[in-house]
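Worksheet for the structure shown next.
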Amino acid sequence: MILTLEMKKLKRTGFLPTIFLGSLFACAFPLANTALRPELFVQQELPATEILLNANGQMLSMVNLLLTVLGACILYHTEFSGSGIKKMNTLPVSQDLLFFHKTLLLLLGLAAAVLLESCCLGFCAVHWFPSEEMLPLHLAQHTGYAFFLLVPAALLMMLIALSFENMWVTLGVGVICIFVSTMIPTDTAILGYFPFVLPFWRFFDIQDKETLLLSLCICLAEILVLMFVEILLQKLRRKLS
Amino acid sequence: MNTIIETHNLTKRYKDFTAVNKINLHIQKGRIYGFLGPNGAGKSTTMKMFLGLTAPTSGSFSVNGKTYPKDRREILRETGSFIESPAYYGNLTGEENLQIIQQILKLPKSSVKEVLELTGLYEHRRRPVSKYSLGMKQRLGLAGALMGHPPVLILDEPTNGLDPAGIHEIRTLIRSLPEKYNCTVLVSSHLLSEIELMADDIGILNHGRLLFEGTLTELKTHAHELGYPSENLEEVFLSMIGEDNLKRGGRK
C-alpha cells in the first residue's frame, strides 16, 4: 500500500521522465562511441561486453550516479516543498517505512535504467560483434553486479536528501560526491569502498572469486549500516524537534 | 464530566528555554476547548507534544485514554490535526492530497468527497494545490484533519490567512463539529474574540504556564474576583497576561 502511495506522490514531479531520459542519454554513449570508431573495438580479442564496458563503463556509472542524485532530490523535494512530510508525521504511518519505500522506488527506477543500458550494450554487441557466444551470460552478470553496487549509493543519497530540506544542498552534496568518487581509483584501500565509488567497480575487472565475494559482502554491509543509520536519524530528528 | 485529554505537569524545555512549564490541562469530551495565549506562549508546542512531533521533557499526557509514547500510533489514528501552517503536496491536486490520507487511515473513498464538500473545496478538487490560495490551502488542511471523523481534533490557528467570510465559515464549521461528529476540538488562537465565538472552555497560556482553565462564565467570575474589568473579555485576557508578565519581571 505504501509503495502505491509513494508512486502517487510522484505524479507531475518529473521523476519518471528524468530516469527515462537519463538512461537514454547513457545509452547514447556506447552507441555513438562504437558507431563512430568501430575499428578500434572490433579488433580486440576480448569478450564483446568487456570491450564495450572498458570503453563506456565509467561514463555509464557516472550517469547512473547522477540519476541517483537527481532521483533522491525529486523524491524528497516533493515532501519538503509543501511540508507534506509534516502531515505524514501526524498520521499513523512509520517514517522509516516511508523512507524505505521511497528508496525502493528509486531503486526500481535505477534498475530500469541499468537494464535499458544493458540492452543497448547488447545491441552494440550483436551489431558489431556478431560472433560473440557468451553475450547473454556476460550481460546478465554485468547488469546484476552494476545494479547491486548502486544500492549503497542510492541509500546514502536518500539519507542526504532526508537530512536537508533545501533541495539545492542535497543536489550540491550529491554532485560533489560524484566528482570526488571519479577521482578515487576503485582499487584504493578503504576509499575504494565508498558507496559512490562502488558503482565504478566492473564485473569483468575482477580476476578472482574472493575479490568478487568481498565486493558483494562490503556492498551488503554498507546497505545494512545505512539502513541502521536511517533508523537512528529518524529517532534523533524526533528527539531534537 | 468525561475528560478526553489530560496532562500532568507537562513540560518542554529547549536547553535553557522552557516552552511549556508543568501544565495540567483537562479537556472535556464533546466540547470545544479554546487554547489561548500570545505568540510564543507554548500553544503549538503543547499541541505538537499531543501528536508526538516533539517529546515532552517531563510530565505526561493521555488522549482518549491512550498514553504517550506507548500508544502514539493509536493517538494519531484517533486524532485529526492541523498544526501551524497547511502541509500538502503541491504537485498533487486537492483530491489526491486527501486520497493519500484516506489510504493511510484506510477510510472509504467517499470520505474524500465528504470533506471536500464540507470545506467548500469540491469544485477546486482537480486543481494542483500549488495553485491554491492561502485560504484554500488552509481549508485543505482542515479537510485533512476532518477525514474519518476522528474523536479528537487538534487545530492550531485554523483561521490564519482566511478572509472575514472564510473565518466566519470555518468558525461555524468548527462550532458544529462536536454535535455533528461527536468529537472534541482543541483549537488555538491568540485572539480572545476568536475563541469567545467558538469555544465552550478555555485555557489561557503565557510563557508556558497555564494561567486559567474553565468556562467563559468562570473566566468572567475569576476576573471579577481578581479585580479585572469583566465586561470585556479581551481586556480580561490582556490584563491577565500583563499581570503575569509583570510578576515575571518583564514588561506589561
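Residues are named by chain letter and number: chains run A, B, ... in the order of the C-alpha cells, numbers start at 1 in each chain, and ligands are numbered from 1 in the order shown.
The chain B residues that come within 6 Å of chain A are B:Thr54, B:Arg73, B:Leu76, B:Arg77, B:Ala87, B:Tyr88, B:Tyr89, B:Gly90, B:Asn91, with only C-alpha atoms taken into account.
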**Prompt:** Which residues come within 10 Å of segment 26-30 of chain A, counting only C-alpha atoms, excluding same-chain residues fewer than 6 positions away, as an MDAnalysis selection string?
**Reply:** chainID A and resid 20 36 52:53 55:57 59:64 113:114 116:121 123:125
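Using only C-alpha atoms, the residues found no farther than 6 Å from Gln28 of chain B, other than those of its own chain fewer than 5 positions away, are Asn2, Thr3 and Ile4 of chain B.
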**Request:** Could you give me, as a PyMOL selection string, each residue of segment 10-234 of chain B that DSSP assigns to alpha helix (DSSP H) when run on this structure's backbone?
**Result:** chain B and resi 43-50+72-77+94-104+110-118+134-146+164-181+192-198+216-226+233-234
**All residues 12 Å or closer to Phe228 of chain A, only C-alpha atoms, same chain fewer than 3 positions away omitted, as number ranges by chain** = A: 96, 100, 155-156, 159, 221-225, 231-235
Now that the selection is made, can you save its residues with C-alpha atoms as a PDB file, in the first residue's frame?
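Result saved to part-v7.pdb:
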ATOM      1  CA  ASP A  96      11.122   4.502   8.361  1.00  0.00           C
ATOM      2  CA  PHE A 100      12.422   2.550   2.592  1.00  0.00           C
ATOM      3  CA  LEU A 155      20.628   4.646   0.161  1.00  0.00           C
ATOM      4  CA  LEU A 156      23.293   7.213   1.062  1.00  0.00           C
ATOM      5  CA  LEU A 159      19.749   9.780   3.598  1.00  0.00           C
ATOM      6  CA  ALA A 221      27.401  -4.450   4.834  1.00  0.00           C
ATOM      7  CA  GLU A 222      27.084  -0.842   3.619  1.00  0.00           C
ATOM      8  CA  ILE A 223      23.395  -1.398   2.844  1.00  0.00           C
ATOM      9  CA  LEU A 224      22.780  -2.708   6.368  1.00  0.00           C
ATOM     10  CA  VAL A 225      24.784   0.084   8.019  1.00  0.00           C
ATOM     11  CA  ILE A 231      16.523   4.443  11.748  1.00  0.00           C
ATOM     12  CA  LEU A 232      18.877   6.298  14.137  1.00  0.00           C
ATOM     13  CA  LEU A 233      18.498   9.535  12.182  1.00  0.00           C
ATOM     14  CA  GLN A 234      14.697   9.427  12.352  1.00  0.00           C
ATOM     15  CA  LYS A 235      14.840   8.813  16.106  1.00  0.00           C
TER      16      LYS A 235
END
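Nearest residue to Glu230 of chain A among A:Met158, A:Cys73, A:Leu106, A:Ala189 is A:Met158, counting only C-alpha atoms.
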**Request:** Pick out the residues sitting within 6 Å of segment 133-138 of chain B, and hand them over as a PyMOL selection string; count only C-alpha atoms, and ignore anything fewer than 5 positions along from it in its own chain.
**Result:** chain B and resi 86+161-162
Output file for the selection above: N, CA and C atoms, as a CSV table (one decimal), in the first residue's frame:
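Once written, out_27.csv looks like this:
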chain,number,residue,atom,x,y,z
B,86,PRO,N,-0.5,25.0,6.6
B,86,PRO,CA,-1.0,23.9,5.9
B,86,PRO,C,0.1,23.1,5.3
B,161,GLY,N,-4.9,33.4,7.8
B,161,GLY,CA,-4.8,33.6,6.3
B,161,GLY,C,-6.2,33.6,5.6
B,162,LEU,N,-7.3,33.5,6.4
B,162,LEU,CA,-8.6,33.5,5.7
B,162,LEU,C,-9.2,34.9,5.7
Counting only C-alpha atoms, give me one row per residue of segment 19-92 of chain B with an atom at most 12 Å from an atom of segment 178-198 of chain B, showing the shortest contact pair and its distance in Å to one decimal, sorted by chain then residue number, as CSV.
residue,atom,partner,partner_atom,distance
B:Leu25,CA,B:Leu186,CA,11.1
B:His26,CA,B:Leu186,CA,11.0
B:Ile27,CA,B:Leu186,CA,8.0
B:Gln28,CA,B:Thr184,CA,7.5
B:Lys29,CA,B:Thr184,CA,5.5
B:Gly30,CA,B:Thr184,CA,4.5
B:Arg31,CA,B:Thr184,CA,5.2
B:Ile32,CA,B:Val185,CA,4.7
B:Tyr33,CA,B:Leu186,CA,4.8
B:Gly34,CA,B:Val187,CA,5.1
B:Phe35,CA,B:Ser188,CA,4.3
B:Leu36,CA,B:Ser189,CA,5.4
B:Gly37,CA,B:His190,CA,5.1
B:Pro38,CA,B:His190,CA,5.1
B:Asn39,CA,B:His190,CA,6.6
B:Gly40,CA,B:His190,CA,9.7
B:Ala41,CA,B:His190,CA,9.2
B:Gly42,CA,B:Ser188,CA,10.4
B:Lys43,CA,B:Ser188,CA,6.8
B:Ser44,CA,B:Ser188,CA,7.9
B:Thr45,CA,B:Ser188,CA,11.2
B:Thr46,CA,B:Ser188,CA,10.3
B:Met47,CA,B:Leu186,CA,8.7
B:Phe50,CA,B:Leu186,CA,10.8
B:Val63,CA,B:Thr184,CA,10.8
B:Asn64,CA,B:Thr184,CA,10.0
B:Glu78,CA,B:Cys183,CA,10.2
B:Thr79,CA,B:Thr184,CA,9.6
B:Gly80,CA,B:Val185,CA,9.4
B:Ser81,CA,B:Leu186,CA,9.5
B:Phe82,CA,B:Val187,CA,9.5
B:Ile83,CA,B:Ser188,CA,9.8
B:Glu84,CA,B:Ser188,CA,9.9
Output N, CA and C atoms for every residue in the selection just made, as a tab-separated table (two decimals), in the first residue's frame.
chain	number	residue	atom	x	y	z
B	25	LEU	N	-3.77	20.23	31.95
B	25	LEU	CA	-4.98	20.54	31.18
B	25	LEU	C	-6.02	19.46	31.40
B	26	HIS	N	-7.28	19.86	31.33
B	26	HIS	CA	-8.38	18.89	31.44
B	26	HIS	C	-9.39	19.24	30.35
B	27	ILE	N	-9.35	18.51	29.26
B	27	ILE	CA	-10.24	18.84	28.14
B	27	ILE	C	-11.40	17.84	28.12
B	28	GLN	N	-12.60	18.40	28.23
B	28	GLN	CA	-13.79	17.55	28.35
B	28	GLN	C	-14.25	17.03	26.99
B	29	LYS	N	-14.77	15.83	27.02
B	29	LYS	CA	-15.24	15.14	25.81
B	29	LYS	C	-16.45	15.89	25.22
B	30	GLY	N	-16.45	16.00	23.89
B	30	GLY	CA	-17.59	16.59	23.19
B	30	GLY	C	-17.69	18.10	23.28
B	31	ARG	N	-16.61	18.74	23.72
B	31	ARG	CA	-16.64	20.20	23.84
B	31	ARG	C	-15.53	20.84	23.01
B	32	ILE	N	-15.64	22.13	22.83
B	32	ILE	CA	-14.58	22.86	22.11
B	32	ILE	C	-13.75	23.59	23.15
B	33	TYR	N	-12.48	23.28	23.16
B	33	TYR	CA	-11.56	23.87	24.14
B	33	TYR	C	-10.68	24.89	23.42
B	34	GLY	N	-10.82	26.13	23.80
B	34	GLY	CA	-10.02	27.19	23.18
B	34	GLY	C	-8.71	27.37	23.93
B	35	PHE	N	-7.63	27.24	23.20
B	35	PHE	CA	-6.31	27.36	23.79
B	35	PHE	C	-5.80	28.75	23.44
B	36	LEU	N	-5.72	29.59	24.42
B	36	LEU	CA	-5.47	31.00	24.16
B	36	LEU	C	-4.14	31.45	24.74
B	37	GLY	N	-3.46	32.30	24.01
B	37	GLY	CA	-2.20	32.81	24.54
B	37	GLY	C	-1.51	33.65	23.48
B	38	PRO	N	-0.64	34.57	23.91
B	38	PRO	CA	0.07	35.38	22.92
B	38	PRO	C	1.05	34.51	22.12
B	39	ASN	N	1.61	35.07	21.06
B	39	ASN	CA	2.59	34.30	20.28
B	39	ASN	C	3.74	33.87	21.18
B	40	GLY	N	4.17	32.62	21.01
B	40	GLY	CA	5.30	32.10	21.80
B	40	GLY	C	4.90	31.65	23.19
B	41	ALA	N	3.60	31.54	23.46
B	41	ALA	CA	3.15	31.15	24.81
B	41	ALA	C	3.33	29.65	25.06
B	42	GLY	N	3.45	28.87	23.99
B	42	GLY	CA	3.63	27.42	24.14
B	42	GLY	C	2.44	26.61	23.63
B	43	LYS	N	1.51	27.27	22.94
B	43	LYS	CA	0.31	26.57	22.45
B	43	LYS	C	0.69	25.50	21.42
B	44	SER	N	1.44	25.92	20.40
B	44	SER	CA	1.82	24.97	19.34
B	44	SER	C	2.68	23.84	19.89
B	45	THR	N	3.59	24.18	20.80
B	45	THR	CA	4.47	23.15	21.37
B	45	THR	C	3.63	22.10	22.10
B	46	THR	N	2.63	22.56	22.86
B	46	THR	CA	1.77	21.62	23.58
B	46	THR	C	1.04	20.71	22.59
B	47	MET	N	0.50	21.33	21.53
B	47	MET	CA	-0.23	20.55	20.52
B	47	MET	C	0.70	19.56	19.83
B	50	PHE	N	1.14	16.53	21.89
B	50	PHE	CA	-0.01	15.61	21.82
B	50	PHE	C	0.10	14.69	20.60
B	63	VAL	N	-4.53	10.89	25.72
B	63	VAL	CA	-5.54	11.33	24.75
B	63	VAL	C	-6.50	10.16	24.55
B	64	ASN	N	-7.75	10.38	24.87
B	64	ASN	CA	-8.78	9.35	24.74
B	64	ASN	C	-8.37	8.04	25.43
B	78	GLU	N	-6.59	8.33	16.07
B	78	GLU	CA	-7.84	8.89	16.60
B	78	GLU	C	-7.84	10.41	16.67
B	79	THR	N	-6.77	11.01	16.13
B	79	THR	CA	-6.68	12.47	16.22
B	79	THR	C	-6.49	13.09	14.84
B	80	GLY	N	-7.39	14.01	14.50
B	80	GLY	CA	-7.22	14.78	13.27
B	80	GLY	C	-6.49	16.05	13.66
B	81	SER	N	-5.52	16.46	12.84
B	81	SER	CA	-4.75	17.63	13.27
B	81	SER	C	-4.44	18.59	12.14
B	82	PHE	N	-4.22	19.80	12.54
B	82	PHE	CA	-3.81	20.87	11.64
B	82	PHE	C	-2.87	21.74	12.44
B	83	ILE	N	-1.57	21.61	12.19
B	83	ILE	CA	-0.58	22.29	13.02
B	83	ILE	C	0.15	23.39	12.24
B	84	GLU	N	0.18	24.56	12.82
B	84	GLU	CA	0.88	25.74	12.31
B	84	GLU	C	0.44	26.19	10.92
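Atom CA of Leu140 of chain B sits 23.5 Å away from atom CA of Ile74 of chain A.
Proximity of A:Gly71, A:Gly122, A:Gly172, A:Pro199 to Ala153 of chain A, computed with only C-alpha atoms, is greatest for A:Pro199.
Atom CA of Phe196 of chain A is positioned 5.8 Å from atom CA of Ser181 of chain A.
Straight-line separation from atom CA of Leu67 of chain A to atom CA of Ala140 of chain A: 21.2 Å.
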